[in-house]
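Trainee: This one is model16.tsv, TSV, C-alpha atoms.
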```tsv
chain	number	residue	atom	x	y	z
T	7	LEU	CA	77.91	96.86	100.50
T	8	THR	CA	77.10	97.03	96.79
T	9	GLY	CA	78.90	98.34	93.72
T	10	PRO	CA	82.50	97.91	92.59
T	11	LYS	CA	83.88	98.29	96.14
T	12	GLN	CA	81.42	95.96	97.84
T	13	SER	CA	84.12	93.44	98.79
T	14	PHE	CA	85.82	96.09	100.93
T	15	GLY	CA	82.58	96.91	102.72
T	16	GLN	CA	81.89	93.23	103.33
T	17	LYS	CA	85.35	92.77	104.86
T	18	ALA	CA	84.84	95.75	107.17
T	19	LEU	CA	81.44	94.43	108.26
T	20	LEU	CA	82.97	90.99	108.89
T	21	GLY	CA	85.55	92.62	111.18
T	22	ILE	CA	82.82	94.52	113.05
T	23	GLU	CA	80.70	91.38	113.49
T	24	ALA	CA	83.79	89.46	114.63
T	25	GLY	CA	84.44	92.16	117.22
T	26	LEU	CA	80.88	91.80	118.54
T	27	LYS	CA	81.37	88.04	118.99
T	28	ILE	CA	84.94	88.04	120.30
T	29	LEU	CA	84.37	90.86	122.80
T	30	GLY	CA	81.26	89.18	124.16
T	31	ILE	CA	79.00	92.18	123.62
T	32	PRO	CA	75.49	91.44	125.02
T	33	GLU	CA	72.92	90.09	122.58
T	34	ASN	CA	70.54	92.97	123.29
T	35	VAL	CA	72.96	95.27	121.46
T	36	LYS	CA	71.64	95.65	117.92
T	37	LEU	CA	73.79	96.21	114.85
T	38	TYR	CA	72.07	98.15	112.05
T	39	THR	CA	73.63	98.38	108.60
T	40	LYS	CA	73.11	100.79	105.72
T	41	ASP	CA	74.67	100.80	102.25
T	42	SER	CA	76.49	104.01	101.30
T	43	MET	CA	76.65	102.81	97.67
T	44	ASP	CA	80.12	104.36	97.48
T	45	SER	CA	78.53	107.81	97.47
T	46	GLY	CA	79.12	110.62	99.92
T	47	ALA	CA	75.56	111.90	99.47
T	48	GLN	CA	74.03	108.45	99.95
T	49	GLY	CA	76.35	107.81	102.90
T	50	ALA	CA	75.24	111.04	104.57
T	51	GLN	CA	71.58	110.09	104.02
T	52	SER	CA	72.24	106.67	105.54
T	53	VAL	CA	73.77	108.35	108.59
T	54	ALA	CA	70.70	110.57	108.98
T	55	ASP	CA	68.39	107.55	108.66
T	56	LEU	CA	70.28	105.56	111.29
T	57	ILE	CA	70.14	108.49	113.72
T	58	GLN	CA	66.53	109.49	113.13
T	59	GLN	CA	64.94	106.08	112.65
T	60	GLN	CA	67.11	103.66	114.66
T	61	LYS	CA	68.31	106.09	117.36
T	62	VAL	CA	71.82	104.59	117.21
T	63	SER	CA	74.39	105.40	119.91
T	64	PHE	CA	77.23	105.84	117.42
T	65	ILE	CA	78.11	105.04	113.81
T	66	ILE	CA	81.01	103.10	112.30
T	67	GLY	CA	81.64	103.92	108.64
T	68	GLY	CA	83.75	105.90	106.21
T	69	LEU	CA	85.79	103.17	104.59
T	70	PHE	CA	86.87	105.62	101.86
T	71	PRO	CA	87.91	109.26	102.51
T	72	GLU	CA	85.38	111.18	100.41
T	73	ALA	CA	82.37	109.27	101.72
T	74	ALA	CA	83.84	109.38	105.24
T	75	LYS	CA	83.92	113.17	105.22
T	76	ALA	CA	80.27	113.50	104.16
T	77	GLU	CA	79.16	110.85	106.65
T	78	TYR	CA	81.05	112.44	109.54
T	79	LEU	CA	79.75	115.95	108.83
T	80	GLU	CA	76.18	114.57	108.86
T	81	ALA	CA	76.78	112.74	112.17
T	82	LYS	CA	78.36	115.89	113.62
T	83	ARG	CA	75.26	117.87	112.65
T	84	TYR	CA	73.21	115.59	114.91
T	85	GLY	CA	75.83	115.47	117.67
T	86	VAL	CA	76.47	111.73	117.16
T	87	LEU	CA	79.86	110.03	117.45
T	88	PHE	CA	81.31	108.80	114.14
T	89	ILE	CA	84.05	106.15	114.19
T	90	SER	CA	85.74	106.49	110.81
T	91	LEU	CA	87.64	103.65	109.19
T	92	SER	CA	89.60	106.10	107.03
T	93	THR	CA	91.38	109.37	107.67
T	94	ILE	CA	89.19	112.42	107.13
T	95	ASP	CA	90.75	115.33	105.24
T	96	LEU	CA	89.39	118.18	107.32
T	97	PRO	CA	91.27	120.88	109.23
T	98	ARG	CA	91.34	120.81	113.02
T	99	GLU	CA	88.69	123.51	113.40
T	100	GLU	CA	86.12	121.43	111.50
T	101	LYS	CA	86.51	118.40	113.79
T	102	ASN	CA	85.32	117.78	117.33
T	103	HIS	CA	84.95	115.03	119.94
T	104	HIS	CA	82.29	113.32	117.80
T	105	LEU	CA	85.01	111.87	115.55
T	106	ILE	CA	87.43	109.00	116.18
T	107	GLU	CA	89.61	108.08	113.18
T	108	VAL	CA	90.71	104.45	113.44
T	109	GLN	CA	93.79	104.90	111.25
T	110	GLY	CA	94.75	108.06	113.10
T	111	SER	CA	93.89	111.61	112.05
T	112	ILE	CA	96.27	113.95	110.27
T	113	GLN	CA	96.31	115.93	113.52
T	114	SER	CA	97.37	112.76	115.41
T	115	GLN	CA	100.14	112.08	112.93
T	116	VAL	CA	101.57	115.59	113.14
T	117	SER	CA	101.38	115.57	116.96
T	118	SER	CA	103.50	112.40	116.96
T	119	LEU	CA	105.78	113.76	114.23
T	120	LEU	CA	106.54	116.92	116.22
T	121	SER	CA	106.81	115.30	119.64
T	122	GLN	CA	109.68	116.49	121.81
T	123	GLU	CA	111.47	113.15	121.31
T	124	MET	CA	111.32	113.55	117.53
T	125	ILE	CA	112.51	117.17	117.68
T	126	ASN	CA	115.41	116.16	119.91
T	127	LYS	CA	116.29	113.31	117.54
T	128	PHE	CA	116.01	115.07	114.17
T	129	GLY	CA	116.29	118.80	114.84
T	130	ARG	CA	114.23	121.98	114.63
T	131	ARG	CA	114.63	122.69	110.89
T	132	LEU	CA	111.99	120.83	108.92
T	133	GLY	CA	111.13	120.45	105.23
T	134	VAL	CA	107.79	119.16	103.95
T	135	ILE	CA	106.88	117.49	100.65
T	136	TYR	CA	103.15	116.97	100.23
T	137	PRO	CA	100.52	116.14	97.59
T	138	ASP	CA	98.86	119.07	95.85
T	139	ASN	CA	95.34	118.19	96.97
T	140	GLU	CA	92.99	118.71	99.90
T	141	SER	CA	94.73	116.14	102.07
T	142	GLY	CA	98.14	117.70	101.42
T	143	GLN	CA	96.87	121.15	102.33
T	144	VAL	CA	95.50	119.85	105.64
T	145	TYR	CA	98.89	118.24	106.37
T	146	LEU	CA	100.76	121.43	105.55
T	147	ASN	CA	98.50	123.67	107.62
T	148	GLU	CA	98.66	121.33	110.62
T	149	VAL	CA	102.47	121.04	110.40
T	150	TRP	CA	102.70	124.83	110.21
T	151	ARG	CA	100.38	125.29	113.20
T	152	GLN	CA	102.17	122.81	115.44
T	153	ALA	CA	105.65	123.86	114.28
T	154	GLN	CA	104.91	127.45	115.31
T	155	ALA	CA	103.80	126.27	118.76
T	156	LYS	CA	106.90	124.10	119.24
T	157	ASN	CA	109.53	126.49	117.88
T	158	VAL	CA	110.24	124.32	114.83
T	159	SER	CA	111.28	126.20	111.70
T	160	LEU	CA	109.60	125.16	108.44
T	161	LYS	CA	112.52	125.79	106.08
T	162	THR	CA	111.28	124.55	102.70
T	163	ILE	CA	108.14	123.04	101.17
T	164	ALA	CA	107.16	121.55	97.82
T	165	ALA	CA	103.96	120.03	96.45
T	166	TYR	CA	103.65	117.32	93.82
T	167	PRO	CA	100.69	116.92	91.44
T	168	LYS	CA	98.07	114.22	91.86
T	169	ASN	CA	98.88	110.95	90.05
T	170	SER	CA	102.41	112.15	89.34
T	171	HIS	CA	105.06	109.65	88.20
T	172	ASP	CA	107.83	112.19	87.66
T	173	PHE	CA	109.00	114.03	90.76
T	174	ARG	CA	111.97	115.91	89.30
T	175	GLU	CA	110.33	119.34	89.33
T	176	THR	CA	109.13	118.80	92.90
T	177	ALA	CA	112.65	117.80	94.00
T	178	GLN	CA	114.17	120.79	92.21
T	179	GLN	CA	111.74	123.17	93.88
T	180	PHE	CA	112.31	121.59	97.29
T	181	LEU	CA	116.10	121.79	96.97
T	182	GLY	CA	116.25	125.34	95.60
T	183	LEU	CA	117.23	124.24	92.08
T	184	ARG	CA	114.10	125.23	90.20
T	185	TYR	CA	114.93	128.89	89.67
T	186	PRO	CA	118.71	129.17	89.10
T	187	ARG	CA	118.50	132.92	88.34
T	188	GLU	CA	117.99	133.51	92.04
T	189	ARG	CA	121.42	131.92	92.58
T	190	GLU	CA	123.03	133.38	89.45
T	191	GLU	CA	126.27	134.54	91.05
T	192	GLU	CA	126.86	131.17	92.73
T	193	LEU	CA	126.03	129.41	89.46
T	194	LYS	CA	128.63	131.45	87.50
T	195	ILE	CA	131.41	130.71	89.98
T	196	LEU	CA	130.68	126.99	90.04
T	197	SER	CA	130.36	126.80	86.26
T	198	ASP	CA	133.81	128.36	85.88
T	199	VAL	CA	135.29	125.88	88.36
T	200	TYR	CA	133.69	122.87	86.68
T	201	ALA	CA	134.77	124.09	83.21
T	202	HIS	CA	138.42	123.65	84.21
T	203	GLU	CA	137.96	120.25	85.80
T	204	LYS	CA	139.31	117.20	84.02
T	205	GLY	CA	137.45	113.93	83.87
T	206	SER	CA	134.47	112.49	82.12
T	207	ALA	CA	132.09	112.14	85.12
T	208	ARG	CA	128.67	113.52	84.24
T	209	ARG	CA	127.23	116.02	86.73
T	210	VAL	CA	123.55	115.90	87.52
T	211	GLN	CA	123.44	119.67	87.87
T	212	THR	CA	125.92	122.45	88.45
T	213	LEU	CA	124.39	124.04	91.52
T	214	PRO	CA	124.47	122.04	94.77
T	215	PRO	CA	121.14	121.57	96.56
T	216	GLU	CA	120.21	123.93	99.37
T	217	LEU	CA	120.16	121.64	102.40
T	218	ASP	CA	119.05	124.14	105.01
T	219	PHE	CA	116.80	121.61	106.78
T	220	ASP	CA	117.59	118.83	109.27
T	221	TRP	CA	114.92	116.38	108.14
T	222	VAL	CA	111.96	115.97	105.80
T	223	PHE	CA	108.35	115.00	106.41
T	224	LEU	CA	107.07	113.21	103.33
T	225	ALA	CA	103.23	113.18	103.40
T	226	SER	CA	102.96	110.47	100.76
T	227	PHE	CA	101.86	106.93	100.09
T	228	PRO	CA	104.58	104.25	99.85
T	229	TYR	CA	104.47	104.03	96.02
T	230	GLU	CA	105.16	107.79	95.87
T	231	ALA	CA	107.84	107.75	98.57
T	232	ILE	CA	109.92	105.10	96.81
T	233	GLN	CA	110.11	107.44	93.80
T	234	ILE	CA	110.56	110.75	95.62
T	235	ILE	CA	113.44	109.70	97.89
T	236	PRO	CA	115.71	108.48	95.05
T	237	THR	CA	114.83	111.62	93.06
T	238	LEU	CA	116.18	113.74	95.92
T	239	GLY	CA	119.35	111.65	95.76
T	240	TYR	CA	119.57	112.22	92.00
T	241	TYR	CA	119.95	115.92	92.77
T	242	ASP	CA	122.75	115.20	95.28
T	243	ALA	CA	120.52	115.34	98.38
T	244	ASN	CA	121.83	112.07	99.74
T	245	ARG	CA	121.45	110.66	103.24
T	246	VAL	CA	118.49	112.96	103.91
T	247	LYS	CA	116.48	111.87	106.96
T	248	VAL	CA	112.96	111.25	105.69
T	249	VAL	CA	109.91	110.57	107.89
T	250	GLY	CA	106.53	109.36	106.60
T	251	GLY	CA	103.10	108.47	107.96
T	252	PRO	CA	101.23	105.30	108.98
T	253	THR	CA	100.79	103.99	105.42
T	254	TRP	CA	104.53	103.27	105.31
T	255	ALA	CA	104.06	100.17	107.49
T	256	THR	CA	104.02	97.90	104.45
T	257	ARG	CA	106.18	95.06	103.15
T	258	SER	CA	106.94	97.11	100.02
T	259	MET	CA	108.76	99.70	102.15
T	260	ILE	CA	110.82	96.98	103.84
T	261	LYS	CA	111.78	95.66	100.42
T	262	GLU	CA	112.78	99.12	99.14
T	263	GLN	CA	114.70	99.97	102.30
T	264	LYS	CA	117.60	97.86	101.06
T	265	ASN	CA	118.00	100.24	98.12
T	266	ILE	CA	116.98	103.53	99.74
T	267	GLY	CA	118.48	103.18	103.21
T	268	THR	CA	116.97	103.61	106.68
T	269	MET	CA	113.57	105.32	106.70
T	270	TYR	CA	111.30	106.50	109.49
T	271	PHE	CA	107.56	106.91	109.98
T	272	VAL	CA	104.98	107.62	112.67
T	273	GLY	CA	102.30	104.98	113.03
T	274	GLU	CA	101.57	101.63	114.59
T	275	ASP	CA	103.97	98.81	115.27
T	276	PRO	CA	102.39	95.73	113.63
T	277	LYS	CA	103.81	93.65	116.51
T	278	ASP	CA	101.54	95.50	118.97
T	279	LEU	CA	98.29	94.15	117.49
T	280	ASN	CA	96.11	92.23	119.94
T	281	GLN	CA	97.18	88.68	119.05
T	282	GLU	CA	94.42	87.10	121.15
T	283	MET	CA	91.69	88.79	119.09
T	284	LEU	CA	93.46	87.96	115.83
T	285	GLY	CA	93.72	84.32	116.91
T	286	LYS	CA	90.02	84.17	117.76
T	287	PHE	CA	89.14	85.68	114.38
T	288	GLN	CA	91.07	82.89	112.65
T	289	GLU	CA	89.30	80.27	114.80
T	290	LEU	CA	85.90	81.70	113.86
T	291	TYR	CA	86.43	82.18	110.13
T	292	LYS	CA	89.26	79.72	109.33
T	293	GLN	CA	91.34	82.51	107.77
T	294	PRO	CA	93.61	85.28	109.07
T	295	ALA	CA	92.20	88.79	109.41
T	296	GLY	CA	93.28	91.18	106.65
T	297	LEU	CA	93.86	94.91	107.05
T	298	ILE	CA	90.20	95.88	106.56
T	299	GLU	CA	88.91	93.19	108.92
T	300	VAL	CA	91.43	94.40	111.52
T	301	MET	CA	90.14	97.97	111.17
T	302	GLY	CA	86.59	96.68	111.63
T	303	MET	CA	87.57	94.86	114.84
T	304	ASP	CA	89.50	97.92	115.99
T	305	SER	CA	86.42	100.11	115.57
T	306	MET	CA	84.26	97.62	117.47
T	307	LYS	CA	86.76	97.43	120.33
T	308	ILE	CA	86.46	101.20	120.67
T	309	GLY	CA	82.67	100.90	120.41
T	310	ALA	CA	82.54	98.23	123.13
T	311	GLN	CA	83.92	100.70	125.65
T	312	LEU	CA	81.24	103.22	124.72
T	313	LEU	CA	78.51	100.60	125.04
T	314	SER	CA	79.59	100.04	128.65
T	315	PHE	CA	78.41	103.53	129.68
T	316	LYS	CA	75.99	103.39	132.62
T	317	ASN	CA	72.80	105.34	133.37
T	318	ILE	CA	72.22	106.55	129.83
T	319	SER	CA	68.71	107.86	129.23
T	320	SER	CA	69.41	110.43	126.50
T	321	ARG	CA	71.89	111.37	123.83
T	322	GLU	CA	73.06	114.20	126.11
T	323	ASP	CA	73.95	111.65	128.83
T	324	PHE	CA	75.98	109.63	126.30
T	325	ASP	CA	77.74	112.77	125.08
T	326	LYS	CA	78.58	113.85	128.64
T	327	GLN	CA	80.23	110.51	129.43
T	328	LEU	CA	82.05	110.58	126.10
T	329	ARG	CA	83.56	113.97	126.97
T	330	GLU	CA	84.59	112.68	130.40
T	331	LEU	CA	86.58	109.77	128.97
T	332	GLU	CA	90.34	110.25	129.15
T	333	ALA	CA	91.13	107.56	126.58
T	334	VAL	CA	89.69	104.68	124.53
T	335	LYS	CA	91.70	101.62	123.57
T	336	GLY	CA	91.88	99.74	120.29
T	337	LEU	CA	93.70	96.60	119.13
T	338	SER	CA	97.16	98.12	119.33
T	339	SER	CA	96.89	101.73	120.42
T	340	GLN	CA	94.70	104.23	122.21
T	341	TRP	CA	93.05	107.56	121.52
T	342	GLU	CA	93.20	110.44	123.99
T	343	LEU	CA	90.86	113.42	124.10
T	344	GLN	CA	92.99	116.56	123.82
T	345	ASP	CA	91.57	120.05	123.23
T	346	GLY	CA	88.29	118.57	122.00
T	347	LEU	CA	89.87	116.11	119.50
T	348	TRP	CA	90.54	112.38	119.74
T	349	LEU	CA	94.25	111.97	118.99
T	350	LYS	CA	95.68	108.52	118.38
T	351	ARG	CA	98.88	107.67	120.17
T	352	MET	CA	101.45	106.68	117.55
T	353	ASN	CA	104.96	105.31	117.69
T	354	ALA	CA	108.04	106.69	116.00
T	355	MET	CA	109.17	103.75	113.86
T	356	THR	CA	112.24	102.98	111.79
T	357	ILE	CA	112.43	100.70	108.76
T	358	THR	CA	115.82	99.05	108.90
T	359	ARG	CA	117.44	95.66	108.31
T	360	GLY	CA	114.25	94.20	106.92
T	361	ASP	CA	112.01	95.03	109.86
T	362	PHE	CA	109.90	97.66	111.60
T	363	VAL	CA	111.42	98.74	114.91
T	364	LYS	CA	110.27	101.30	117.45
T	365	LEU	CA	112.78	104.11	117.01
T	366	PHE	CA	113.32	105.15	120.62
T	367	GLU	CA	113.06	101.62	121.94
T	368	ALA	CA	115.80	100.60	119.49
T	369	GLU	CA	118.01	103.49	120.63
T	370	THR	CA	117.46	102.58	124.29
T	371	LEU	CA	118.53	98.99	123.59
T	372	LYS	CA	121.54	100.20	121.60
T	373	ASN	CA	122.68	102.49	124.41
```
What would you get if you wrote out this structure as structure tokens?
Mentor:
Amino acid sequence: LTGPKQSFGQKALLGIEAGLKILGIPENVKLYTKDSMDSGAQGAQSVADLIQQQKVSFIIGGLFPEAAKAEYLEAKRYGVLFISLSTIDLPREEKNHHLIEVQGSIQSQVSSLLSQEMINKFGRRLGVIYPDNESGQVYLNEVWRQAQAKNVSLKTIAAYPKNSHDFRETAQQFLGLRYPREREEELKILSDVYAHEKGSARRVQTLPPELDFDWVFLASFPYEAIQIIPTLGYYDANRVKVVGGPTWATRSMIKEQKNIGTMYFVGEDPKDLNQEMLGKFQELYKQPAGLIEVMGMDSMKIGAQLLSFKNISSREDFDKQLRELEAVKGLSSQWELQDGLWLKRMNAMTITRGDFVKLFEAETLKN
């Protein structure tokens, strides 16, 4: 709530407070706040203080990934539920039922990505392009784990450096063009053929790309995706089916779709948001709810269901009822407890003709 990112924290808190009012949560429910000061260490200490001093039922926090990780691990140490506003870059084995990620965990995304419907639609040969950082490694490991279980073949992978603005080397590596000596015989034959061709058309490269995959999962933000996809096309990998994650649900991707072509992602359909709650927010504050306020309300809607637990006299009672829940609902989706993890149910979406459309709903209508 202080520092250079204080406006973001204030927006999240506004969304949480709006949720308390709109959902009609009893007045005897107390909301305690602590300032993480944009520090993982301070955030973790704040979590410990809230648990030890205020005996809170659960904690909402983690607006930014690094602080979120530290805060969750501290809450987990005490056995307290942490509702995180950001995705937490931890592998499956370091998470448990004490974590609900409002935006949807990496594990949730990959479960939706490798659903049977998606496999039937796109095929069993997958390529992955991911950032060369902790988040990217978690994506890759989770894709590998679930692909093995679902008989999906991971054909090719490539990582791109942090803060990269030139994705040519990544595209070359992904398409088997980075080390031409490995394809020396093929290169010689093609070079001889092209040497006798007439015409002035410039070739991007002599070797054709190795397209031994059916589709590509691009674990990137929108600003990276709109550079990576055309770079693949530059190396003659055109009309590649590319699927992204929840961050692709932005107007910038709709704008770029006209140039790039149809794209796909797993995430939420903006049309599914609880319009009644959004309308009440606007009535209360005379302004529409932004993304961060919506996440705050989403977290409080989840929290409201937990506050309805009956006959709670200890943290163990709360934890028992939490484990017994089959699902919790948010503004537009729900989370289901599977194998000890809360997985968010996500839609397969397509970006086409200037709109976001549920992929399988669109195909059903078309058929």
Trainee: As a ChimeraX atom specification, please: the residues near T:Asn157 (cut-off 12 Å, all atoms listed in the file, same-chain neighbours under 4 positions excluded).
Mentor: /T:120-122,125,129-132,149-153
Trainee: Of the candidates T:Phe227, T:Phe362, T:Phe180, T:Phe88, which one gets nearest to T:Gly142 if we count all atoms listed in the file?
Mentor: T:Phe227
Trainee: Given the choices T:Gln16, T:Thr268, T:Ser141, T:Gln311, which gets closest to T:Thr356 if the distance is worked out from only C-alpha atoms?
Mentor: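 Comparing T:Gln16, T:Thr268, T:Ser141, T:Gln311 against T:Thr356, the winner is T:Thr268.
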Trainee: Counting all atoms listed in the file, which residues of stretch 16-82 of chain T sit at most 6 Å from some atom of stretch 92-114 of chain T, and what is each one's closest atom pair with its distance in Å to one decimal, listed by chain and rising residue number, as JSON lines?
Mentor:
```
{"residue": "T:Gly68", "atom": "CA", "partner": "T:Ser92", "partner_atom": "CA", "distance": 5.9}
{"residue": "T:Leu69", "atom": "CA", "partner": "T:Ser92", "partner_atom": "CA", "distance": 5.4}
{"residue": "T:Phe70", "atom": "CA", "partner": "T:Ser92", "partner_atom": "CA", "distance": 5.9}
{"residue": "T:Pro71", "atom": "CA", "partner": "T:Ile94", "partner_atom": "CA", "distance": 5.7}
{"residue": "T:Lys75", "atom": "CA", "partner": "T:Ile94", "partner_atom": "CA", "distance": 5.7}
```
Trainee: Would you put the residues from that selection into a file with C-alpha atoms, as a PDB file, in the coordinates of the input?
Mentor:
```
ATOM      1  CA  GLY T  68      83.750 105.900 106.210  1.00  0.00           C
ATOM      2  CA  LEU T  69      85.790 103.170 104.590  1.00  0.00           C
ATOM      3  CA  PHE T  70      86.870 105.620 101.860  1.00  0.00           C
ATOM      4  CA  PRO T  71      87.910 109.260 102.510  1.00  0.00           C
ATOM      5  CA  LYS T  75      83.920 113.170 105.220  1.00  0.00           C
TER       6      LYS T  75
END
```
Trainee: Determine the nearest neighbour of T:Ile232 from the options T:Gly267, T:Gly49, T:Pro252, T:Pro276, counting only C-alpha atoms.
Mentor: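 For T:Ile232, the nearest of the given residues is T:Gly267.
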Trainee: Please provide as an MDAnalysis selection string all residues within 7 Å of T:Ile357, with the sequence filter that same-chain residues fewer than 5 positions apart are discarded (counting only C-alpha atoms).
Mentor: chainID T and resid 260 263 268:270 362:363
Trainee: List as a VMD selection string the protein and nucleic acid residues near stretch 165-168 of chain T, meaning an atom at most 10 Å away when only C-alpha atoms are counted, but skip any in the same chain fewer than 2 places from it.
Mentor: chain T and resid 134 to 139 142 to 143 146 163 170 to 177 179 to 180 225 to 226 230 234
Trainee: Take the residues from that selection and write them out as a PDB file, keeping the file's coordinate frame, keeping C-alpha atoms.
Mentor:
```pdb
ATOM      1  CA  VAL T 134     107.790 119.160 103.950  1.00  0.00           C
ATOM      2  CA  ILE T 135     106.880 117.490 100.650  1.00  0.00           C
ATOM      3  CA  TYR T 136     103.150 116.970 100.230  1.00  0.00           C
ATOM      4  CA  PRO T 137     100.520 116.140  97.590  1.00  0.00           C
ATOM      5  CA  ASP T 138      98.860 119.070  95.850  1.00  0.00           C
ATOM      6  CA  ASN T 139      95.340 118.190  96.970  1.00  0.00           C
ATOM      7  CA  GLY T 142      98.140 117.700 101.420  1.00  0.00           C
ATOM      8  CA  GLN T 143      96.870 121.150 102.330  1.00  0.00           C
ATOM      9  CA  LEU T 146     100.760 121.430 105.550  1.00  0.00           C
ATOM     10  CA  ILE T 163     108.140 123.040 101.170  1.00  0.00           C
ATOM     11  CA  SER T 170     102.410 112.150  89.340  1.00  0.00           C
ATOM     12  CA  HIS T 171     105.060 109.650  88.200  1.00  0.00           C
ATOM     13  CA  ASP T 172     107.830 112.190  87.660  1.00  0.00           C
ATOM     14  CA  PHE T 173     109.000 114.030  90.760  1.00  0.00           C
ATOM     15  CA  ARG T 174     111.970 115.910  89.300  1.00  0.00           C
ATOM     16  CA  GLU T 175     110.330 119.340  89.330  1.00  0.00           C
ATOM     17  CA  THR T 176     109.130 118.800  92.900  1.00  0.00           C
ATOM     18  CA  ALA T 177     112.650 117.800  94.000  1.00  0.00           C
ATOM     19  CA  GLN T 179     111.740 123.170  93.880  1.00  0.00           C
ATOM     20  CA  PHE T 180     112.310 121.590  97.290  1.00  0.00           C
ATOM     21  CA  ALA T 225     103.230 113.180 103.400  1.00  0.00           C
ATOM     22  CA  SER T 226     102.960 110.470 100.760  1.00  0.00           C
ATOM     23  CA  GLU T 230     105.160 107.790  95.870  1.00  0.00           C
ATOM     24  CA  ILE T 234     110.560 110.750  95.620  1.00  0.00           C
TER      25      ILE T 234
END
```
Trainee: Would you compute the distance between atom CA of T:Val53 and atom CA of T:Glu80? Give it in Å to one decimal.
Mentor: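 Computed distance, atom CA of T:Val53 to atom CA of T:Glu80, equals 6.7 Å.
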Trainee: Give me, please, the distance in Å between atom CA of T:Gln12 and atom CA of T:Asp44, quoted to one decimal.
Mentor: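 Taking atom CA of T:Gln12 as the start and atom CA of T:Asp44 as the end point, the length is 8.5 Å.
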Trainee: Of the residues T:Ile89, T:Leu29, T:Met301, T:Ile66, which is the one nearest to T:Ser42, using only C-alpha atoms?
Mentor: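 Smallest separation from T:Ser42 among the options: T:Ile66.
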Trainee: Identify, on the basis of only C-alpha atoms, every residue whose closest approach to T:Lys307 does not exceed 8 Å; exclude the query and any residue fewer than 5 positions from it along the same chain; express the result as a ChimeraX atom specification.
Mentor: /T:25,29,335-337
Trainee: Please indicate the distance in Å from atom CA of T:Arg245 to atom CA of T:Asp220, rounded to one decimal place.
Mentor: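 Calculated distance between atom CA of T:Arg245 and atom CA of T:Asp220 is 10.9 Å.
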Trainee: Closest to T:Glu299 among T:Met124, T:Leu87, T:Leu238, T:Met283, using all atoms listed in the file?
Mentor: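 Comparing T:Met124, T:Leu87, T:Leu238, T:Met283 against T:Glu299, the winner is T:Met283.
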Trainee: Of the candidates T:Arg184, T:Lys277, T:Arg257, T:Lys61, which one gets nearest to T:Tyr241 if we count only C-alpha atoms?
Mentor: T:Arg184
